[in-house]
>>> print(open('model_17.cif').read())   # mmCIF, C-alpha atoms
data_upload
#
loop_
_atom_site.label_atom_id
_atom_site.label_comp_id
_atom_site.auth_asym_id
_atom_site.auth_seq_id
_atom_site.Cartn_x
_atom_site.Cartn_y
_atom_site.Cartn_z
CA MET A 1134 51.47 150.02 50.18
CA GLN A 1135 52.10 146.82 52.15
CA PRO A 1136 54.10 145.47 53.85
CA LEU A 1137 53.67 147.85 56.76
CA ALA A 1138 54.09 147.20 60.47
CA PHE A 1139 50.45 148.23 61.01
CA SER A 1140 47.11 148.34 59.21
CA LYS A 1141 47.18 150.59 56.13
CA GLU A 1142 44.13 152.44 57.47
CA LEU A 1143 46.43 153.85 60.17
CA LEU A 1144 49.05 155.13 57.73
CA PRO A 1145 50.05 158.65 58.88
CA VAL A 1146 49.00 161.19 56.25
CA GLY A 1147 49.11 164.85 57.19
CA SER A 1148 48.48 166.07 60.71
CA ARG A 1149 45.91 167.68 62.96
CA HIS A 1150 45.98 169.94 66.01
CA GLU A 1151 44.62 168.58 69.26
CA ASP A 1152 44.82 170.31 72.66
CA GLY A 1153 47.23 172.84 71.21
CA ARG A 1154 49.57 170.20 69.81
CA GLU A 1155 50.14 168.95 66.29
CA ARG A 1156 50.09 165.20 65.83
CA PRO A 1157 50.17 162.79 62.88
CA ARG A 1158 46.80 161.84 61.42
CA ALA A 1159 45.81 158.33 60.32
CA VAL A 1160 44.46 158.27 56.78
CA SER A 1161 41.17 156.74 57.96
CA GLU A 1162 40.53 159.77 60.18
CA TYR A 1163 39.70 161.79 57.08
CA LEU A 1164 36.80 159.46 56.26
CA VAL A 1165 35.68 159.34 59.89
CA GLU A 1166 35.58 163.13 60.00
CA ARG A 1167 33.59 163.29 56.77
CA LEU A 1168 31.10 160.68 57.97
CA VAL A 1169 30.46 162.69 61.12
CA LEU A 1170 30.11 165.90 59.11
CA GLY A 1171 27.60 164.00 56.98
CA GLY A 1172 25.47 163.34 60.07
CA ALA A 1173 26.76 160.00 61.37
CA ASP A 1174 26.52 159.54 65.15
CA LYS A 1175 27.42 155.82 65.08
CA LEU A 1176 30.35 154.32 63.18
CA CYS A 1177 30.93 150.68 62.28
CA PHE A 1178 34.45 149.66 61.31
CA VAL A 1179 34.50 146.39 59.37
CA ILE A 1180 37.92 144.88 60.03
CA SER A 1181 39.78 141.63 59.46
CA PRO A 1182 40.87 139.53 62.47
CA GLY A 1183 44.44 140.83 62.21
CA LYS A 1184 43.53 144.51 62.48
CA SER A 1185 43.11 144.87 66.21
CA ASP A 1186 45.33 147.96 66.04
CA ILE A 1187 42.38 149.83 64.50
CA LEU A 1188 40.27 148.95 67.53
CA GLU A 1189 43.05 150.09 69.84
CA TYR A 1190 43.46 153.35 67.91
CA TYR A 1191 39.80 154.41 67.81
CA GLY A 1192 38.36 152.68 70.86
CA GLY A 1193 34.65 153.24 71.49
CA GLU A 1194 34.20 156.87 70.49
CA VAL A 1195 35.66 159.34 68.02
CA PHE A 1196 34.54 162.87 67.08
CA ALA A 1197 31.59 162.39 69.50
CA ALA A 1198 30.33 159.38 67.49
CA ARG A 1199 30.03 155.93 69.05
CA VAL A 1200 32.18 153.24 67.45
CA PHE A 1201 31.30 149.60 66.81
CA TYR A 1202 33.26 146.85 65.10
CA SER A 1203 32.35 143.94 62.85
CA VAL A 1204 34.86 141.28 61.82
CA GLN A 1205 35.17 140.03 58.24
CA PRO A 1206 36.86 136.61 58.70
CA GLN A 1207 38.16 136.42 55.12
CA PRO A 1208 38.84 139.13 52.49
CA ALA A 1209 35.69 138.45 50.45
CA GLY A 1210 35.16 141.82 48.80
CA LEU A 1211 33.44 145.10 49.49
CA CYS A 1212 29.87 143.77 49.38
CA ASP A 1213 30.63 141.15 52.01
CA ALA A 1214 32.29 143.80 54.18
CA ILE A 1215 29.43 146.31 53.92
CA PHE A 1216 26.69 143.81 54.67
CA ARG A 1217 28.41 142.64 57.84
CA ALA A 1218 27.28 145.93 59.38
CA ALA A 1219 23.64 145.38 58.36
CA PRO A 1220 22.53 143.70 61.65
CA LEU A 1221 23.46 146.89 63.53
CA ILE A 1222 21.30 149.16 61.38
CA ALA A 1223 17.57 149.87 61.71
CA PRO A 1224 15.45 150.08 58.51
CA ASP A 1225 14.66 153.78 59.00
CA GLU A 1226 18.24 154.87 59.68
CA GLU A 1227 20.27 156.78 57.11
CA VAL A 1228 23.51 154.95 56.29
CA LEU A 1229 26.74 156.47 54.99
CA VAL A 1230 29.39 154.25 53.40
CA GLY A 1231 32.98 155.21 52.60
CA LEU A 1232 36.41 153.70 52.06
CA PRO A 1233 38.96 154.23 54.86
CA ASP A 1234 42.08 154.56 52.70
CA THR A 1235 40.81 157.53 50.67
CA VAL A 1236 41.08 161.30 51.02
CA TRP A 1237 38.58 163.53 49.26
CA PHE A 1238 37.05 166.97 49.21
CA PRO A 1239 34.80 168.74 49.98
CA GLU A 1240 34.75 167.66 53.59
CA ASP A 1241 30.96 168.07 53.79
CA GLY A 1242 30.31 166.11 50.60
CA LEU A 1243 28.14 163.48 52.30
CA ALA A 1244 25.86 166.18 53.71
CA ARG A 1245 24.98 167.07 50.10
CA LEU A 1246 23.40 163.69 49.39
CA PRO A 1247 19.58 163.38 49.64
CA GLN A 1248 17.83 161.29 52.26
CA GLY A 1249 15.57 158.31 51.76
CA MET A 1250 17.22 156.81 48.69
CA LEU A 1251 20.45 155.39 47.30
CA SER A 1252 22.77 158.16 46.15
CA PHE A 1253 26.44 158.28 45.23
CA LEU A 1254 28.88 161.11 45.89
CA LEU A 1255 30.76 161.50 42.61
CA PHE A 1256 34.26 162.82 41.93
CA PRO A 1257 35.98 163.73 38.64
CA VAL A 1258 39.17 161.77 37.88
CA ASP A 1259 41.63 161.56 35.01
CA ARG A 1260 41.70 157.76 34.89
CA PRO A 1261 38.19 156.41 35.57
CA GLU A 1262 39.22 152.93 34.42
CA LEU A 1263 41.05 152.50 37.73
CA PHE A 1264 37.87 153.07 39.73
CA ASP A 1265 34.12 152.52 39.52
CA ALA A 1266 32.87 155.07 37.01
CA VAL A 1267 29.22 156.13 37.29
CA ALA A 1268 27.14 156.89 34.22
CA CYS A 1269 24.04 159.03 34.76
CA ASP A 1270 21.22 160.37 32.61
CA ALA A 1271 20.36 164.05 32.23
CA ALA A 1272 18.35 163.98 35.47
CA GLY A 1273 21.25 162.55 37.46
CA ARG A 1274 19.80 159.06 37.73
CA VAL A 1275 22.45 156.34 37.70
CA THR A 1276 22.19 154.21 34.56
CA GLU A 1277 25.27 152.05 35.08
CA ILE A 1278 28.31 151.63 37.31
CA GLN A 1279 31.29 150.74 35.14
CA VAL A 1280 33.54 148.70 37.41
CA LYS A 1281 37.21 149.22 36.50
CA ARG A 1282 36.47 149.18 32.80
CA GLN A 1283 38.99 150.32 30.21
CA ASP A 1284 36.12 151.64 28.07
CA ALA A 1285 34.54 153.72 30.85
CA THR A 1286 32.26 156.37 29.33
CA SER A 1287 32.13 158.57 32.43
CA SER A 1288 35.00 160.43 34.10
CA TRP A 1289 33.01 160.61 37.36
CA ILE A 1290 33.57 157.90 39.98
CA TRP A 1291 31.80 157.18 43.23
CA GLY A 1292 33.78 157.82 46.41
CA ALA A 1293 31.05 157.32 49.02
CA PHE A 1294 27.33 156.67 49.09
CA LYS A 1295 24.20 157.04 51.19
CA LEU A 1296 21.07 154.94 51.57
CA THR A 1297 18.53 153.83 54.16
CA GLY A 1298 18.86 150.78 56.35
CA ALA A 1299 15.89 149.28 54.49
CA LEU A 1300 17.64 149.71 51.14
CA LEU A 1301 20.85 148.25 52.59
CA ALA A 1302 18.89 145.16 53.66
CA GLU A 1303 17.30 144.97 50.19
CA LEU A 1304 20.72 145.02 48.56
CA ALA A 1305 21.99 142.42 51.04
CA ASP A 1306 19.08 140.13 50.16
CA LEU A 1307 19.79 140.57 46.44
CA TRP A 1308 23.47 139.82 47.02
CA ALA A 1309 22.56 136.63 48.88
CA ALA A 1310 20.10 135.64 46.14
CA ARG A 1311 22.91 136.04 43.59
CA GLY A 1312 25.03 133.61 45.59
CA GLY A 1313 27.27 136.34 47.03
CA ARG A 1314 29.16 136.45 43.73
CA ASP A 1315 29.38 140.24 43.60
CA GLU A 1316 32.73 141.37 44.94
CA TYR A 1317 32.14 145.00 44.03
CA ILE A 1318 29.14 147.09 45.02
CA GLY A 1319 28.94 148.35 41.43
CA THR A 1320 27.95 145.03 39.85
CA LEU A 1321 25.36 144.46 42.57
CA VAL A 1322 23.85 147.92 42.09
CA ASN A 1323 23.70 147.31 38.34
CA ALA A 1324 21.60 144.19 38.99
CA TRP A 1325 19.44 146.17 41.42
CA LEU A 1326 18.89 148.91 38.83
CA ALA A 1327 17.98 146.31 36.22
CA GLY A 1328 15.31 145.05 38.62
CA GLY A 1329 13.68 148.47 38.92
CA GLY A 1330 15.81 150.19 41.56
CA THR A 1331 16.69 153.87 41.35
CA ALA A 1332 19.85 155.69 42.41
CA LEU A 1333 21.16 159.23 42.02
CA GLY A 1334 24.67 160.38 41.20
CA ILE A 1335 25.54 163.69 42.87
CA ARG A 1336 28.49 165.49 41.25
CA ALA A 1337 29.48 167.38 44.40
CA GLY A 1338 33.02 166.00 44.77
CA THR A 1339 36.01 168.08 43.73
CA SER A 1340 39.05 165.86 44.40
CA TYR A 1341 39.62 162.22 45.30
CA VAL A 1342 42.72 160.17 46.09
CA ASP A 1343 43.07 156.45 46.83
CA VAL A 1344 45.95 156.14 49.30
CA GLY A 1345 46.41 152.41 48.69
CA THR A 1346 49.62 152.87 46.69
CA VAL A 1347 52.82 154.87 47.10
CA ARG A 1348 51.74 157.06 44.18
CA GLY A 1349 48.39 157.64 45.86
CA TYR A 1350 50.12 158.46 49.14
CA ARG A 1351 52.16 161.15 47.43
CA GLN A 1352 49.06 162.55 45.76
CA ALA A 1353 47.27 162.69 49.11
CA VAL A 1354 50.13 164.59 50.74
CA THR A 1355 50.06 167.10 47.87
CA LEU A 1356 46.28 167.41 48.05
CA LEU A 1357 46.30 168.03 51.79
CA THR A 1358 49.17 170.51 51.50
CA ASP A 1359 47.27 172.46 48.85
CA ALA A 1360 44.05 172.34 50.91
CA SER A 1361 45.79 173.80 53.97
CA SER A 1362 47.67 176.53 52.11
CA PRO A 1363 46.59 180.16 52.69
CA ALA A 1364 45.32 180.40 49.12
CA ALA A 1365 42.92 177.51 49.73
CA LEU A 1366 41.50 178.78 53.00
#
>>> encode(input="model_17.cif", output="structure tokens")
Amino acid sequence: MQPLAFSKELLPVGSRHEDGRERPRAVSEYLVERLVLGGADKLCFVISPGKSDILEYYGGEVFAARVFYSVQPQPAGLCDAIFRAAPLIAPDEEVLVGLPDTVWFPEDGLARLPQGMLSFLLFPVDRPELFDAVACDAAGRVTEIQVKRQDATSSWIWGAFKLTGALLAELADLWAARGGRDEYIGTLVNAWLAGGGTALGIRAGTSYVDVGTVRGYRQAVTLLTDASSPAAL
């Protein structure tokens, strides 16, 4: 999607009505809205030093949730980004994690995840090898996360996940013990599962689009158009 004149998380996708007026909507607003619907009252944006436009766009509050920011000095992967928020989170807090350049349904998907454990919101896709496919047993327990594998055995991918602050700290400690070599959360969770951890995969998602490419952008526009059509309401 780059080069753009602004951060890709602020790419206009669709629109929303505010104070009786229609205005363009940044792609990251869809995730923000879903986090709040999932119960979040505090949001932490993990941004690179060059993305001050995100801070200017969201400020200190959005959708009645307080906003905080943590800076990732170098692009060191998703694990590094997620754990930069860990110092702001108490052990007994429920934590929701999502990717800001995605659009997915249902909007209340995160509210369908259980509390007190690690659980993944799963979505069906046609090409799981492009994502992190999640294999589960008959009881819904995650057995493996197949990170961008051509031989993925599951057509369900994770799009967001939920856990406690204590579990987030446990994963952060494991990541540090492994020398921070895990770029993707999937490989880290696999190591955590191998050590006796337990996670659930919840197949509550219906549609998922990564807006990081022009093709994904077009898919998102189509998805949002279909979702707002009279037949879908």
>>> resolve_selection(input="model_17.cif", expression="the PyMOL selection byres ((chain A and resi 1149) around 12)", output="MDAnalysis selection string")
chainID A and resid 1145:1148 1150:1160 1162:1163 1166 1357 1361
>>> resolve_selection(input="model_17.cif", expression="the PyMOL selection byres ((chain A and resi 1299-1315) around 12)", output="count of residues only")
49
>>> atom_distance(input="model_17.cif", atom1="CA of Thr1339 in chain A", atom2="CA of Val1179 in chain A")
26.8 Å
>>> closest_residue(input="model_17.cif", among="A:Gln1207, A:Ser1288, A:Thr1235, A:Thr1276", to="Leu1143 in chain A", atoms="all atoms listed in the file")
A:Thr1235
>>> residues_around(input="model_17.cif", residues="Val1165 in chain A", least_positions_apart="5", cutoff="10 Å", atoms="all atoms listed in the file", output="list in words")
Val1160, Leu1170, Gly1171, Ala1173, Leu1176, Phe1178, Val1195, Phe1196, Ala1198, Gly1231, Leu1232 and Pro1233 of chain A
>>> resolve_selection(input="model_17.cif", expression="the PyMOL selection byres ((chain A and resi 1181) around 9)", output="number ranges by chain")
A: 1179-1180, 1182-1185, 1203-1208
>>> atom_distance(input="model_17.cif", atom1="CA of Phe1139 in chain A", atom2="CA of Tyr1190 in chain A")
11.1 Å
>>> residues_around(input="model_17.cif", residues="Ala1266 in chain A", least_positions_apart="4", cutoff="12 Å", atoms="all atoms listed in the file", output="mmCIF file with C-alpha atoms, in the frame of the given file")
data_model
loop_
_atom_site.group_PDB
_atom_site.id
_atom_site.type_symbol
_atom_site.label_atom_id
_atom_site.label_comp_id
_atom_site.auth_asym_id
_atom_site.auth_seq_id
_atom_site.Cartn_x
_atom_site.Cartn_y
_atom_site.Cartn_z
ATOM 1 C CA PHE A 1253 26.440 158.280 45.230
ATOM 2 C CA LEU A 1254 28.880 161.110 45.890
ATOM 3 C CA LEU A 1255 30.760 161.500 42.610
ATOM 4 C CA PHE A 1256 34.260 162.820 41.930
ATOM 5 C CA PRO A 1257 35.980 163.730 38.640
ATOM 6 C CA VAL A 1258 39.170 161.770 37.880
ATOM 7 C CA ASP A 1259 41.630 161.560 35.010
ATOM 8 C CA ARG A 1260 41.700 157.760 34.890
ATOM 9 C CA PRO A 1261 38.190 156.410 35.570
ATOM 10 C CA GLU A 1262 39.220 152.930 34.420
ATOM 11 C CA VAL A 1275 22.450 156.340 37.700
ATOM 12 C CA THR A 1276 22.190 154.210 34.560
ATOM 13 C CA GLU A 1277 25.270 152.050 35.080
ATOM 14 C CA ILE A 1278 28.310 151.630 37.310
ATOM 15 C CA GLN A 1279 31.290 150.740 35.140
ATOM 16 C CA VAL A 1280 33.540 148.700 37.410
ATOM 17 C CA LYS A 1281 37.210 149.220 36.500
ATOM 18 C CA ARG A 1282 36.470 149.180 32.800
ATOM 19 C CA GLN A 1283 38.990 150.320 30.210
ATOM 20 C CA ASP A 1284 36.120 151.640 28.070
ATOM 21 C CA ALA A 1285 34.540 153.720 30.850
ATOM 22 C CA THR A 1286 32.260 156.370 29.330
ATOM 23 C CA SER A 1287 32.130 158.570 32.430
ATOM 24 C CA SER A 1288 35.000 160.430 34.100
ATOM 25 C CA TRP A 1289 33.010 160.610 37.360
ATOM 26 C CA ILE A 1290 33.570 157.900 39.980
ATOM 27 C CA TRP A 1291 31.800 157.180 43.230
ATOM 28 C CA GLY A 1292 33.780 157.820 46.410
ATOM 29 C CA ILE A 1318 29.140 147.090 45.020
ATOM 30 C CA GLY A 1319 28.940 148.350 41.430
ATOM 31 C CA THR A 1320 27.950 145.030 39.850
ATOM 32 C CA GLY A 1334 24.670 160.380 41.200
#
>>> atom_distance(input="model_17.cif", atom1="CA of Ser1161 in chain A", atom2="CA of Phe1238 in chain A")
14.1 Å
>>> residues_around(input="model_17.cif", residues="Thr1355 in chain A", least_positions_apart="4", cutoff="12 Å", atoms="only C-alpha atoms", output="MDAnalysis selection string")
chainID A and resid 1146:1147 1236 1340:1342 1344 1348:1351 1359:1362
>>> write_last_selection(input="model_17.cif", atoms="C-alpha atoms", output="PDB file, in the coordinates of the input")
ATOM      1  CA  VAL A1146      49.000 161.190  56.250  1.00  0.00           C
ATOM      2  CA  GLY A1147      49.110 164.850  57.190  1.00  0.00           C
ATOM      3  CA  VAL A1236      41.080 161.300  51.020  1.00  0.00           C
ATOM      4  CA  SER A1340      39.050 165.860  44.400  1.00  0.00           C
ATOM      5  CA  TYR A1341      39.620 162.220  45.300  1.00  0.00           C
ATOM      6  CA  VAL A1342      42.720 160.170  46.090  1.00  0.00           C
ATOM      7  CA  VAL A1344      45.950 156.140  49.300  1.00  0.00           C
ATOM      8  CA  ARG A1348      51.740 157.060  44.180  1.00  0.00           C
ATOM      9  CA  GLY A1349      48.390 157.640  45.860  1.00  0.00           C
ATOM     10  CA  TYR A1350      50.120 158.460  49.140  1.00  0.00           C
ATOM     11  CA  ARG A1351      52.160 161.150  47.430  1.00  0.00           C
ATOM     12  CA  ASP A1359      47.270 172.460  48.850  1.00  0.00           C
ATOM     13  CA  ALA A1360      44.050 172.340  50.910  1.00  0.00           C
ATOM     14  CA  SER A1361      45.790 173.800  53.970  1.00  0.00           C
ATOM     15  CA  SER A1362      47.670 176.530  52.110  1.00  0.00           C
TER      16      SER A1362
END
>>> closest_residue(input="model_17.cif", among="A:Gln1352, A:Cys1269, A:Ala1197, A:Asp1186", to="Val1169 in chain A", atoms="all atoms listed in the file")
A:Ala1197
>>> axis_aligned_box(input="model_17.cif", around="range 1308-1326 of chain A", padding_each_side="8 Å", output="AutoDock Vina command-line options")
--center_x 25.8 --center_y 141.3 --center_z 43.6 --size_x 29.8 --size_y 31.3 --size_z 26.5
>>> closest_residue(input="model_17.cif", among="A:Ala1337, A:Glu1240, A:Cys1177, A:Asp1234", to="Ala1353 in chain A", atoms="only C-alpha atoms")
A:Asp1234
>>> decode(input="model_17.cif", residues="range 1273-1303 of chain A", atoms="C-alpha atoms", output="PDB file, in the first residue's frame")
ATOM      1  CA  GLY A1273     -11.810 -25.970  20.451  1.00  0.00           C
ATOM      2  CA  ARG A1274      -8.426 -26.035  22.152  1.00  0.00           C
ATOM      3  CA  VAL A1275      -5.633 -24.630  19.992  1.00  0.00           C
ATOM      4  CA  THR A1276      -3.147 -27.333  19.018  1.00  0.00           C
ATOM      5  CA  GLU A1277      -0.970 -25.285  16.673  1.00  0.00           C
ATOM      6  CA  ILE A1278      -0.732 -21.914  14.964  1.00  0.00           C
ATOM      7  CA  GLN A1279       0.508 -22.433  11.417  1.00  0.00           C
ATOM      8  CA  VAL A1280       2.323 -19.214  10.564  1.00  0.00           C
ATOM      9  CA  LYS A1281       2.035 -18.440   6.844  1.00  0.00           C
ATOM     10  CA  ARG A1282       2.506 -22.067   5.888  1.00  0.00           C
ATOM     11  CA  GLN A1283       1.772 -23.359   2.405  1.00  0.00           C
ATOM     12  CA  ASP A1284       0.639 -26.669   3.927  1.00  0.00           C
ATOM     13  CA  ALA A1285      -1.820 -25.102   6.383  1.00  0.00           C
ATOM     14  CA  THR A1286      -4.330 -27.723   7.536  1.00  0.00           C
ATOM     15  CA  SER A1287      -6.894 -25.229   8.838  1.00  0.00           C
ATOM     16  CA  SER A1288      -8.855 -22.649   6.844  1.00  0.00           C
ATOM     17  CA  TRP A1289      -9.497 -20.642  10.033  1.00  0.00           C
ATOM     18  CA  ILE A1290      -7.112 -17.803  10.902  1.00  0.00           C
ATOM     19  CA  TRP A1291      -6.856 -15.624  13.970  1.00  0.00           C
ATOM     20  CA  GLY A1292      -7.820 -11.972  13.541  1.00  0.00           C
ATOM     21  CA  ALA A1293      -7.730 -10.816  17.170  1.00  0.00           C
ATOM     22  CA  PHE A1294      -7.211 -12.347  20.583  1.00  0.00           C
ATOM     23  CA  LYS A1295      -7.939 -11.902  24.275  1.00  0.00           C
ATOM     24  CA  LEU A1296      -5.997 -12.750  27.422  1.00  0.00           C
ATOM     25  CA  THR A1297      -5.300 -11.464  30.916  1.00  0.00           C
ATOM     26  CA  GLY A1298      -2.534  -9.079  31.834  1.00  0.00           C
ATOM     27  CA  ALA A1299      -0.909 -11.906  33.805  1.00  0.00           C
ATOM     28  CA  LEU A1300      -0.863 -14.153  30.727  1.00  0.00           C
ATOM     29  CA  LEU A1301       0.506 -11.296  28.617  1.00  0.00           C
ATOM     30  CA  ALA A1302       3.372 -10.915  31.093  1.00  0.00           C
ATOM     31  CA  GLU A1303       3.945 -14.694  31.010  1.00  0.00           C
TER      32      GLU A1303
END
